[in-house]
$ cat coords_16.txt   # compact mmCIF, C-alpha atoms
# COMPACT_ATOMS: atom_id res chain seq x y z
CA MET E 1 196.70 191.21 -30.25
CA ASN E 2 195.85 188.90 -33.12
CA THR E 3 197.01 185.32 -32.92
CA GLN E 4 199.16 184.42 -35.90
CA THR E 5 198.72 181.08 -37.60
CA ALA E 6 201.37 178.62 -36.50
CA SER E 7 203.86 178.05 -39.30
CA ALA E 8 207.52 177.60 -40.00
CA ASN E 9 207.69 181.11 -41.52
CA THR E 10 209.61 183.73 -39.58
CA PRO E 11 207.40 186.71 -38.59
CA VAL E 12 208.28 190.11 -40.01
CA PHE E 13 210.63 191.97 -37.67
CA PRO E 14 208.73 195.03 -36.36
CA PHE E 15 211.38 197.75 -36.25
CA GLU E 16 210.90 199.48 -39.60
CA LEU E 17 209.77 202.64 -37.80
CA ILE E 18 213.18 203.07 -36.18
CA ARG E 19 215.36 201.54 -38.88
CA ALA E 20 217.30 204.79 -39.41
CA ASP E 21 217.82 205.19 -35.64
CA LEU E 22 219.08 201.63 -35.34
CA GLU E 23 221.56 202.31 -38.13
CA VAL E 24 222.87 205.24 -36.08
CA VAL E 25 223.18 202.93 -33.06
CA GLU E 26 224.96 200.33 -35.19
CA LYS E 27 227.51 202.91 -36.34
CA ALA E 28 227.94 204.14 -32.77
CA ILE E 29 228.68 200.58 -31.60
CA ARG E 30 231.32 200.23 -34.30
CA ASP E 31 232.78 203.59 -33.30
CA GLN E 32 232.98 202.52 -29.65
CA ALA E 33 235.08 199.54 -30.67
CA ARG E 34 237.72 202.01 -31.83
CA ALA E 35 237.89 203.43 -28.31
CA PHE E 36 239.67 200.27 -27.18
CA ASP E 37 243.41 199.76 -27.48
CA PRO E 38 244.35 198.73 -31.05
CA ALA E 39 245.38 195.33 -29.70
CA VAL E 40 241.79 194.79 -28.49
CA GLU E 41 239.77 196.64 -31.10
CA GLY E 42 239.60 193.75 -33.58
CA TYR E 43 238.18 191.37 -30.98
CA VAL E 44 235.52 193.90 -29.93
CA SER E 45 234.55 194.60 -33.54
CA TYR E 46 234.18 190.90 -34.24
CA VAL E 47 231.80 190.11 -31.36
CA CYS E 48 229.75 193.25 -32.00
CA GLN E 49 228.93 192.17 -35.53
CA ALA E 50 227.50 188.84 -34.38
CA ALA E 51 225.21 190.14 -31.66
CA GLY E 52 221.81 189.85 -33.35
CA LYS E 53 218.62 191.83 -33.71
CA ARG E 54 219.37 194.80 -31.41
CA ILE E 55 216.08 194.35 -29.56
CA ARG E 56 217.25 196.22 -26.46
CA PRO E 57 218.31 199.32 -28.41
CA ALA E 58 215.01 199.16 -30.29
CA LEU E 59 213.01 199.18 -27.05
CA ALA E 60 214.98 202.16 -25.73
CA LEU E 61 214.40 204.11 -28.96
CA MET E 62 210.71 203.18 -29.13
CA ALA E 63 210.23 204.24 -25.50
CA GLY E 64 211.83 207.58 -26.35
CA GLY E 65 209.65 208.05 -29.40
CA ALA E 66 206.52 207.13 -27.45
CA THR E 67 207.19 209.59 -24.61
CA GLY E 68 208.30 212.81 -26.29
CA GLY E 69 211.04 212.07 -28.79
CA LYS E 70 214.38 210.36 -29.31
CA THR E 71 217.56 212.17 -28.30
CA ALA E 72 221.30 211.57 -28.28
CA ASP E 73 220.84 210.14 -24.79
CA HIS E 74 218.58 207.43 -26.22
CA THR E 75 221.31 206.49 -28.67
CA ARG E 76 223.83 206.38 -25.82
CA LEU E 77 221.50 204.21 -23.72
CA SER E 78 221.00 201.88 -26.68
CA VAL E 79 224.73 201.46 -27.25
CA ILE E 80 225.44 200.82 -23.57
CA LEU E 81 222.73 198.18 -23.20
CA GLU E 82 223.81 196.40 -26.36
CA MET E 83 227.43 196.30 -25.21
CA ILE E 84 226.34 194.78 -21.90
CA HIS E 85 224.27 192.25 -23.82
CA ILE E 86 227.19 191.39 -26.10
CA ALA E 87 229.46 190.95 -23.07
CA SER E 88 226.96 188.52 -21.57
CA LEU E 89 226.79 186.56 -24.84
CA VAL E 90 230.57 186.21 -24.93
CA HIS E 91 230.49 184.74 -21.43
CA ASP E 92 227.41 182.58 -22.18
CA ASP E 93 229.12 180.97 -25.15
CA ILE E 94 232.10 180.03 -22.99
CA MET E 95 229.91 178.39 -20.36
CA ASP E 96 227.74 176.62 -22.94
CA GLY E 97 230.61 175.49 -25.13
CA ALA E 98 228.79 177.03 -28.10
CA ALA E 99 230.64 176.91 -31.40
CA THR E 100 228.60 179.36 -33.47
CA ARG E 101 226.45 182.45 -33.06
CA ARG E 102 224.66 184.18 -35.93
CA GLY E 103 226.41 181.80 -38.28
CA LEU E 104 229.90 182.84 -37.13
CA PRO E 105 232.36 181.11 -34.79
CA THR E 106 231.94 182.33 -31.22
CA ALA E 107 234.78 184.24 -29.58
CA ALA E 108 235.53 181.21 -27.43
CA ALA E 109 235.67 178.91 -30.46
CA LYS E 110 237.87 181.38 -32.33
CA TRP E 111 240.30 182.53 -29.63
CA GLY E 112 239.76 180.31 -26.60
CA SER E 113 238.07 180.75 -23.25
CA ALA E 114 240.80 182.73 -21.49
CA LEU E 115 240.82 185.59 -23.98
CA SER E 116 237.02 185.52 -24.29
CA VAL E 117 236.51 185.92 -20.55
CA LEU E 118 238.70 189.02 -20.58
CA LEU E 119 236.95 190.32 -23.69
CA GLY E 120 233.55 190.03 -22.00
CA ASP E 121 234.92 191.74 -18.89
CA ALA E 122 236.31 194.61 -20.97
CA LEU E 123 232.94 195.14 -22.66
CA PHE E 124 231.09 195.16 -19.32
CA ALA E 125 233.54 197.64 -17.82
CA TYR E 126 233.48 199.97 -20.80
CA ALA E 127 229.67 199.97 -20.95
CA LEU E 128 229.49 200.97 -17.29
CA GLU E 129 232.06 203.69 -17.91
CA LEU E 130 229.84 205.12 -20.67
CA ALA E 131 226.85 205.00 -18.32
CA THR E 132 228.50 207.54 -16.00
CA GLU E 133 228.03 210.19 -18.72
CA PHE E 134 224.29 210.52 -18.01
CA GLU E 135 223.37 213.57 -15.96
CA ASP E 136 220.62 211.62 -14.19
CA ALA E 137 222.33 209.35 -11.69
CA VAL E 138 219.24 207.12 -11.56
CA VAL E 139 219.84 206.11 -15.17
CA CYS E 140 223.44 205.15 -14.40
CA ARG E 141 222.43 203.21 -11.29
CA SER E 142 219.67 201.41 -13.15
CA ILE E 143 222.08 200.29 -15.85
CA ALA E 144 224.58 199.13 -13.23
CA LYS E 145 221.87 197.21 -11.34
CA ALA E 146 220.68 195.53 -14.54
CA SER E 147 224.28 194.51 -15.28
CA ARG E 148 224.56 193.02 -11.81
CA ASP E 149 221.25 191.21 -12.32
CA VAL E 150 222.46 189.74 -15.62
CA CYS E 151 225.53 188.30 -13.90
CA SER E 152 223.58 187.18 -10.82
CA GLY E 153 221.05 185.43 -13.05
CA GLU E 154 223.82 183.51 -14.77
CA ILE E 155 225.29 182.53 -11.39
CA PHE E 156 221.86 181.39 -10.22
CA GLN E 157 221.42 179.32 -13.38
CA THR E 158 224.87 177.79 -13.00
CA GLN E 159 224.13 176.90 -9.36
CA ARG E 160 220.88 175.20 -10.32
CA ARG E 161 222.15 173.16 -13.27
CA PHE E 162 221.03 169.54 -13.03
CA ASP E 163 218.84 170.54 -10.07
CA LEU E 164 215.73 168.47 -10.63
CA ASN E 165 213.95 170.34 -7.82
CA LEU E 166 214.03 173.61 -9.74
CA SER E 167 210.54 175.14 -9.69
CA VAL E 168 208.81 177.25 -12.33
CA PRO E 169 208.99 180.36 -10.04
CA ASP E 170 212.74 179.74 -9.63
CA TYR E 171 213.13 179.51 -13.40
CA LEU E 172 211.16 182.73 -13.96
CA ARG E 173 213.20 184.60 -11.35
CA MET E 174 216.36 183.38 -13.04
CA ILE E 175 215.40 184.57 -16.52
CA GLU E 176 214.03 187.87 -15.21
CA MET E 177 217.54 188.59 -13.96
CA LYS E 178 219.65 187.20 -16.78
CA THR E 179 217.53 188.38 -19.73
CA ALA E 180 214.57 190.57 -18.81
CA ALA E 181 216.58 193.05 -16.72
CA LEU E 182 218.09 194.73 -19.79
CA PHE E 183 214.73 194.79 -21.60
CA GLY E 184 213.18 196.49 -18.56
CA VAL E 185 215.91 199.11 -18.31
CA ALA E 186 215.72 199.80 -22.06
CA ALA E 187 212.01 200.59 -21.95
CA GLY E 188 211.88 202.20 -18.49
CA MET E 189 214.98 204.38 -18.79
CA GLY E 190 214.10 205.20 -22.40
CA ALA E 191 210.98 206.81 -20.99
CA ARG E 192 212.74 208.38 -17.99
CA LEU E 193 215.15 210.24 -20.26
CA ASN E 194 212.12 212.26 -21.42
CA GLY E 195 211.08 213.18 -17.88
CA VAL E 196 207.85 211.17 -17.83
CA PRO E 197 205.77 210.67 -14.64
CA GLU E 198 206.88 207.78 -12.45
CA ASN E 199 203.83 205.67 -13.31
CA VAL E 200 204.67 205.81 -17.03
CA GLU E 201 208.31 204.90 -16.39
CA ALA E 202 207.19 202.00 -14.18
CA ALA E 203 204.65 200.76 -16.73
CA LEU E 204 207.20 200.73 -19.55
CA HIS E 205 209.76 199.03 -17.32
CA SER E 206 207.14 196.37 -16.53
CA CYS E 207 206.34 195.96 -20.22
CA GLY E 208 210.04 195.54 -21.02
CA MET E 209 210.50 192.98 -18.25
CA LYS E 210 207.62 190.89 -19.58
CA LEU E 211 208.85 191.10 -23.17
CA GLY E 212 212.32 190.00 -22.03
CA THR E 213 210.96 187.12 -20.00
CA VAL E 214 208.86 185.89 -22.91
CA TYR E 215 211.74 186.25 -25.34
CA GLN E 216 213.89 184.02 -23.13
CA ILE E 217 211.11 181.42 -22.95
CA TYR E 218 211.00 181.50 -26.74
CA ASP E 219 214.78 181.07 -26.91
CA ASP E 220 214.56 178.13 -24.52
CA CYS E 221 211.88 176.48 -26.67
CA LEU E 222 213.94 177.17 -29.78
CA ASP E 223 216.90 175.36 -28.25
CA LEU E 224 214.77 172.22 -28.24
CA VAL E 225 212.96 172.47 -31.58
CA GLY E 226 215.01 174.82 -33.78
CA ASP E 227 217.19 174.05 -36.80
CA GLU E 228 220.82 175.12 -36.26
CA LYS E 229 221.31 175.92 -39.95
CA LYS E 230 218.31 178.25 -39.98
CA VAL E 231 218.90 179.78 -36.55
CA GLY E 232 222.63 180.28 -37.08
CA LYS E 233 223.78 179.30 -33.60
CA THR E 234 224.56 176.16 -31.64
CA LEU E 235 221.40 174.51 -30.28
CA ARG E 236 220.61 171.58 -27.95
CA THR E 237 223.07 172.92 -25.37
CA ASP E 238 220.61 173.57 -22.55
CA LEU E 239 219.94 169.95 -21.64
CA VAL E 240 223.55 168.89 -22.18
CA LYS E 241 224.63 171.61 -19.74
CA GLY E 242 221.89 170.75 -17.25
CA LYS E 243 219.76 173.85 -17.82
CA LEU E 244 216.18 173.00 -16.93
CA THR E 245 214.08 175.39 -19.00
CA LEU E 246 210.31 175.93 -18.89
CA PRO E 247 209.34 173.23 -21.44
CA ILE E 248 211.60 170.71 -19.67
CA LEU E 249 210.11 171.65 -16.28
CA TYR E 250 206.64 171.03 -17.71
CA LEU E 251 207.88 167.77 -19.19
CA LEU E 252 209.09 166.62 -15.77
CA MET E 253 205.87 167.74 -14.08
CA ASP E 254 203.69 165.69 -16.44
CA ALA E 255 205.88 162.59 -16.74
CA THR E 256 205.14 159.34 -14.92
CA ASP E 257 207.52 158.26 -12.17
CA ALA E 258 209.18 155.79 -14.55
CA GLN E 259 209.57 158.46 -17.23
CA LYS E 260 211.01 160.90 -14.69
CA GLN E 261 213.56 158.35 -13.55
CA LYS E 262 214.61 157.72 -17.14
CA LEU E 263 214.91 161.41 -17.94
CA ASN E 264 216.62 162.22 -14.64
CA LYS E 265 219.20 159.51 -15.22
CA MET E 266 219.94 160.81 -18.70
CA LEU E 267 220.24 164.40 -17.48
CA LEU E 268 222.49 163.59 -14.55
CA GLN E 269 224.73 161.37 -16.66
CA GLY E 270 225.02 164.07 -19.30
CA GLU E 271 223.90 161.82 -22.13
CA PRO E 272 223.01 163.46 -25.46
CA ILE E 273 219.24 163.92 -25.65
CA ASP E 274 217.49 164.75 -28.90
CA THR E 275 213.82 165.51 -29.46
CA THR E 276 213.10 161.96 -30.59
CA ILE E 277 214.21 160.65 -27.21
CA LEU E 278 212.24 163.35 -25.40
CA ALA E 279 209.11 162.45 -27.35
CA SER E 280 209.47 158.85 -26.23
CA ILE E 281 209.78 159.80 -22.56
CA ALA E 282 206.71 161.93 -21.93
CA ASP E 283 204.36 164.46 -23.52
CA TYR E 284 207.11 166.45 -25.23
CA GLU E 285 204.76 168.23 -27.62
CA GLY E 286 202.43 169.11 -24.74
CA ALA E 287 205.31 170.53 -22.69
CA VAL E 288 206.32 172.91 -25.48
CA GLU E 289 202.66 173.82 -25.96
CA LYS E 290 202.31 174.71 -22.27
CA ALA E 291 205.43 176.86 -22.35
CA VAL E 292 204.18 178.67 -25.45
CA LYS E 293 200.76 179.32 -23.91
CA PHE E 294 202.32 180.65 -20.71
CA ALA E 295 204.54 183.02 -22.69
CA GLN E 296 201.75 184.22 -24.97
CA SER E 297 199.57 184.99 -21.95
CA MET E 298 202.39 187.12 -20.53
CA LEU E 299 202.59 188.96 -23.86
CA LYS E 300 198.99 190.09 -23.38
CA ASP E 301 199.97 191.49 -19.98
CA ALA E 302 202.91 193.31 -21.57
CA VAL E 303 200.59 194.97 -24.11
CA ALA E 304 198.21 195.93 -21.28
CA ASP E 305 201.06 197.89 -19.64
CA LEU E 306 201.04 200.22 -22.66
CA ILE E 307 197.68 201.74 -21.70
CA CYS E 308 199.57 204.72 -20.27
CA LEU E 309 200.82 205.72 -23.75
CA SER E 310 199.06 207.82 -26.37
CA ASP E 311 198.14 205.95 -29.53
CA THR E 312 201.16 206.75 -31.69
CA PRO E 313 203.19 204.74 -34.20
CA TYR E 314 205.69 204.08 -31.38
CA LYS E 315 203.05 202.52 -29.15
CA GLN E 316 201.99 200.45 -32.14
CA ALA E 317 205.63 199.43 -32.59
CA PHE E 318 205.69 198.10 -29.00
CA GLU E 319 202.56 196.12 -29.81
CA GLY E 320 204.32 194.95 -32.97
CA VAL E 321 207.19 193.56 -30.89
CA ALA E 322 204.70 191.56 -28.86
CA GLU E 323 203.07 190.33 -32.06
CA TYR E 324 206.46 189.39 -33.48
CA ILE E 325 207.41 187.31 -30.43
CA HIS E 326 203.92 185.78 -30.47
CA GLY E 327 204.62 184.56 -33.99
CA LEU E 328 208.02 183.17 -33.03
CA LEU E 329 206.35 181.16 -30.27
CA ASP E 330 203.76 179.88 -32.72
CA ASN E 331 206.62 178.65 -34.88
CA CYS E 332 208.09 176.75 -31.93
CA ARG E 333 204.73 175.16 -31.28
CA ALA E 334 204.52 174.07 -34.94
CA LEU E 335 208.06 172.67 -34.93
CA SER E 336 207.38 170.58 -31.82
CA ARG E 337 204.68 168.57 -33.61
$ encode --input "coords_16.txt" --output "structure tokens"
Amino acid sequence: MNTQTASANTPVFPFELIRADLEVVEKAIRDQARAFDPAVEGYVSYVCQAAGKRIRPALALMAGGATGGKTADHTRLSVILEMIHIASLVHDDIMDGAATRRGLPTAAAKWGSALSVLLGDALFAYALELATEFEDAVVCRSIAKASRDVCSGEIFQTQRRFDLNLSVPDYLRMIEMKTAALFGVAAGMGARLNGVPENVEAALHSCGMKLGTVYQIYDDCLDLVGDEKKVGKTLRTDLVKGKLTLPILYLLMDATDAQKQKLNKMLLQGEPIDTTILASIADYEGAVEKAVKFAQSMLKDAVADLICLSDTPYKQAFEGVAEYIHGLLDNCRALSR
């Protein structure tokens, strides 16, 4: 994997190979919104349009293409995983008090928390209903387990807010559940739908888990260094809400006792903290750098998992996803300086 030069330019998104398939998934998501009661359909349609890059569907489709071919089941898997993801975003925005996502008002900002909670619940429930249509019960159970992991990860994170004893292993376990679980199911079950040997399914699941973990680390770095206008969503919420992410954990680990006391006091009192303040407390730039290096090392491990695949454009697309995230991390490193 080639290291991209750190810059403020956004890397090219690597899903051209499956663009047509993603358009089919996009239409299917819109069609599923119509399956809800007319009184609910408009809310579902709104949150579905603001959900982002469709990375989870892309991984499911790429896994299918890399292991024998994409089928209607791969489209179904893609739609289900994206609906679960959207449901989790609706709930996340309530807990974080986020006002915008993808440049649009969040459901909570638009309609209030009470309706948004129910909307997220409805999306979760409907996605799990769709999962029962797979003939292979393992696929359905895997989707259900990943959904449970997403919710458990959020509970774990909520429990550990403002917990200054949070360790790096605790943080990694948390994000594996709340983010990586759906990436792992997308890649692993995308392969399983084609009847691959267990070792191939396991390798692709492992690759997906690593990609999801790294993507969350990137998102956590972006929350510190990103530009809200360019990103299109509310940033700087992690610290305000007491979420101790990887760069902040590194910051605490490297700070002097006096710096830790200052930062701890600000965190516990819920004071607004911008990057200028962080830079004055400890080695802020170095903390982001460490988080980026950790994530980029994991990307190499994710690419190594692909050794089980034949060298096809779909394997290259998986490598392209790793390269894409590598570039996003480089951008975070550049923005922290």
$ closest_residue --input "coords_16.txt" --among "E:Ala191, E:Leu335, E:Leu244, E:Cys140" --to "Met174 of chain E" --atoms "all atoms listed in the file"
E:Leu244
$ residues_around --input "coords_16.txt" --residues "Glu82 of chain E" --least-positions-apart "3" --cutoff "9 Å" --atoms "all atoms listed in the file" --output "list in words"
Ile29, Cys48, Ala51, Arg54, Ile55, Arg56, Pro57, Leu77, Ser78, Val79, His85, Ile86, Ala87, Ala127 and Leu182 of chain E
$ atom_distance --input "coords_16.txt" --atom1 "atom CA of Asp330 of chain E" --atom2 "atom CA of Val292 of chain E"
7.4 Å
$ residues_around --input "coords_16.txt" --residues "segment 128-130 of chain E" --least-positions-apart "2" --cutoff "9 Å" --atoms "all atoms listed in the file" --output "short mmCIF file (atom, residue, chain, number, x, y, z; two decimals) with C-alpha atoms, in the frame of the given file"
data_model
loop_
_atom_site.label_atom_id
_atom_site.label_comp_id
_atom_site.auth_asym_id
_atom_site.auth_seq_id
_atom_site.Cartn_x
_atom_site.Cartn_y
_atom_site.Cartn_z
CA ARG E 76 223.83 206.38 -25.82
CA LEU E 77 221.50 204.21 -23.72
CA ILE E 80 225.44 200.82 -23.57
CA ILE E 84 226.34 194.78 -21.90
CA LEU E 123 232.94 195.14 -22.66
CA PHE E 124 231.09 195.16 -19.32
CA ALA E 125 233.54 197.64 -17.82
CA TYR E 126 233.48 199.97 -20.80
CA THR E 132 228.50 207.54 -16.00
CA GLU E 133 228.03 210.19 -18.72
CA PHE E 134 224.29 210.52 -18.01
CA CYS E 140 223.44 205.15 -14.40
CA ILE E 143 222.08 200.29 -15.85
CA ALA E 144 224.58 199.13 -13.23
CA SER E 147 224.28 194.51 -15.28
#
$ closest_atom_pairs --input "coords_16.txt" --of "segment 103-214 of chain E" --to "segment 307-329 of chain E" --cutoff "9 Å" --atoms "only C-alpha atoms" --output "Markdown table"
| residue | atom | partner | partner_atom | distance |
| --- | --- | --- | --- | --- |
| E:Asn199 | CA | E:Cys308 | CA | 8.2 |
| E:Val200 | CA | E:Cys308 | CA | 6.1 |
| E:Ala203 | CA | E:Cys308 | CA | 7.3 |
| E:Leu204 | CA | E:Cys308 | CA | 8.6 |
| E:Leu211 | CA | E:Ala322 | CA | 7.1 |
| E:Val214 | CA | E:Ile325 | CA | 7.8 |
$ closest_residue --input "coords_16.txt" --among "E:Cys221, E:Leu239, E:Leu59, E:Val47" --to "Leu89 of chain E" --atoms "only C-alpha atoms"
E:Val47
$ closest_residue --input "coords_16.txt" --among "E:Val40, E:Cys332, E:Leu222, E:Leu193" --to "Thr245 of chain E" --atoms "only C-alpha atoms"
E:Leu222
$ atom_distance --input "coords_16.txt" --atom1 "atom CA of Pro105 of chain E" --atom2 "atom CA of Lys53 of chain E"
17.5 Å
$ residues_around --input "coords_16.txt" --residues "Leu115 of chain E" --least-positions-apart "2" --cutoff "12 Å" --atoms "all atoms listed in the file" --output "short mmCIF file (atom, residue, chain, number, x, y, z; two decimals) with C-alpha atoms, keeping the file's coordinate frame"
data_model
loop_
_atom_site.label_atom_id
_atom_site.label_comp_id
_atom_site.auth_asym_id
_atom_site.auth_seq_id
_atom_site.Cartn_x
_atom_site.Cartn_y
_atom_site.Cartn_z
CA VAL E 40 241.79 194.79 -28.49
CA TYR E 43 238.18 191.37 -30.98
CA VAL E 44 235.52 193.90 -29.93
CA VAL E 90 230.57 186.21 -24.93
CA HIS E 91 230.49 184.74 -21.43
CA ILE E 94 232.10 180.03 -22.99
CA THR E 106 231.94 182.33 -31.22
CA ALA E 107 234.78 184.24 -29.58
CA ALA E 108 235.53 181.21 -27.43
CA ALA E 109 235.67 178.91 -30.46
CA LYS E 110 237.87 181.38 -32.33
CA TRP E 111 240.30 182.53 -29.63
CA GLY E 112 239.76 180.31 -26.60
CA SER E 113 238.07 180.75 -23.25
CA VAL E 117 236.51 185.92 -20.55
CA LEU E 118 238.70 189.02 -20.58
CA LEU E 119 236.95 190.32 -23.69
CA GLY E 120 233.55 190.03 -22.00
CA ASP E 121 234.92 191.74 -18.89
CA ALA E 122 236.31 194.61 -20.97
#
$ residues_near_point --input "coords_16.txt" --point "(211.5, 178.3, -17.4)" --cutoff "7 Å" --atoms "all atoms listed in the file" --output "list of chain:residue names"
E:Val168, E:Tyr171, E:Leu172, E:Ile217, E:Thr245, E:Leu246, E:Pro247, E:Leu249
$ atom_distance --input "coords_16.txt" --atom1 "atom CA of Leu61 of chain E" --atom2 "atom CA of Ala295 of chain E"
24.1 Å
$ closest_residue --input "coords_16.txt" --among "E:Arg160, E:Arg192, E:Arg102, E:Arg141" --to "Thr67 of chain E" --atoms "all atoms listed in the file"
E:Arg192
$ decode --input "coords_16.txt" --residues "segment 307-318 of chain E" --atoms "N, CA and C atoms" --output "short mmCIF file (atom, residue, chain, number, x, y, z; two decimals), in the first residue's frame"
data_model
loop_
_atom_site.label_atom_id
_atom_site.label_comp_id
_atom_site.auth_asym_id
_atom_site.auth_seq_id
_atom_site.Cartn_x
_atom_site.Cartn_y
_atom_site.Cartn_z
N ILE E 307 -5.13 -11.95 1.34
CA ILE E 307 -4.28 -12.90 0.65
C ILE E 307 -5.06 -14.11 0.16
N CYS E 308 -6.20 -14.37 0.78
CA CYS E 308 -7.03 -15.53 0.41
C CYS E 308 -7.77 -15.31 -0.91
N LEU E 309 -7.81 -14.08 -1.42
CA LEU E 309 -8.57 -13.76 -2.62
C LEU E 309 -7.69 -13.82 -3.87
N SER E 310 -8.31 -14.21 -4.99
CA SER E 310 -7.62 -14.11 -6.28
C SER E 310 -7.45 -12.64 -6.64
N ASP E 311 -6.46 -12.36 -7.46
CA ASP E 311 -6.18 -10.98 -7.83
C ASP E 311 -7.16 -10.53 -8.90
N THR E 312 -8.26 -9.95 -8.46
CA THR E 312 -9.32 -9.46 -9.34
C THR E 312 -9.54 -7.98 -9.08
N PRO E 313 -10.29 -7.31 -9.94
CA PRO E 313 -10.61 -5.90 -9.67
C PRO E 313 -11.30 -5.70 -8.33
N TYR E 314 -12.02 -6.72 -7.84
CA TYR E 314 -12.72 -6.56 -6.56
C TYR E 314 -11.75 -6.63 -5.39
N LYS E 315 -10.74 -7.48 -5.49
CA LYS E 315 -9.69 -7.47 -4.46
C LYS E 315 -8.98 -6.12 -4.48
N GLN E 316 -8.70 -5.62 -5.67
CA GLN E 316 -8.05 -4.32 -5.80
C GLN E 316 -8.93 -3.21 -5.22
N ALA E 317 -10.25 -3.38 -5.34
CA ALA E 317 -11.16 -2.38 -4.76
C ALA E 317 -11.06 -2.38 -3.24
N PHE E 318 -10.95 -3.58 -2.62
CA PHE E 318 -10.74 -3.65 -1.17
C PHE E 318 -9.46 -2.90 -0.79
#
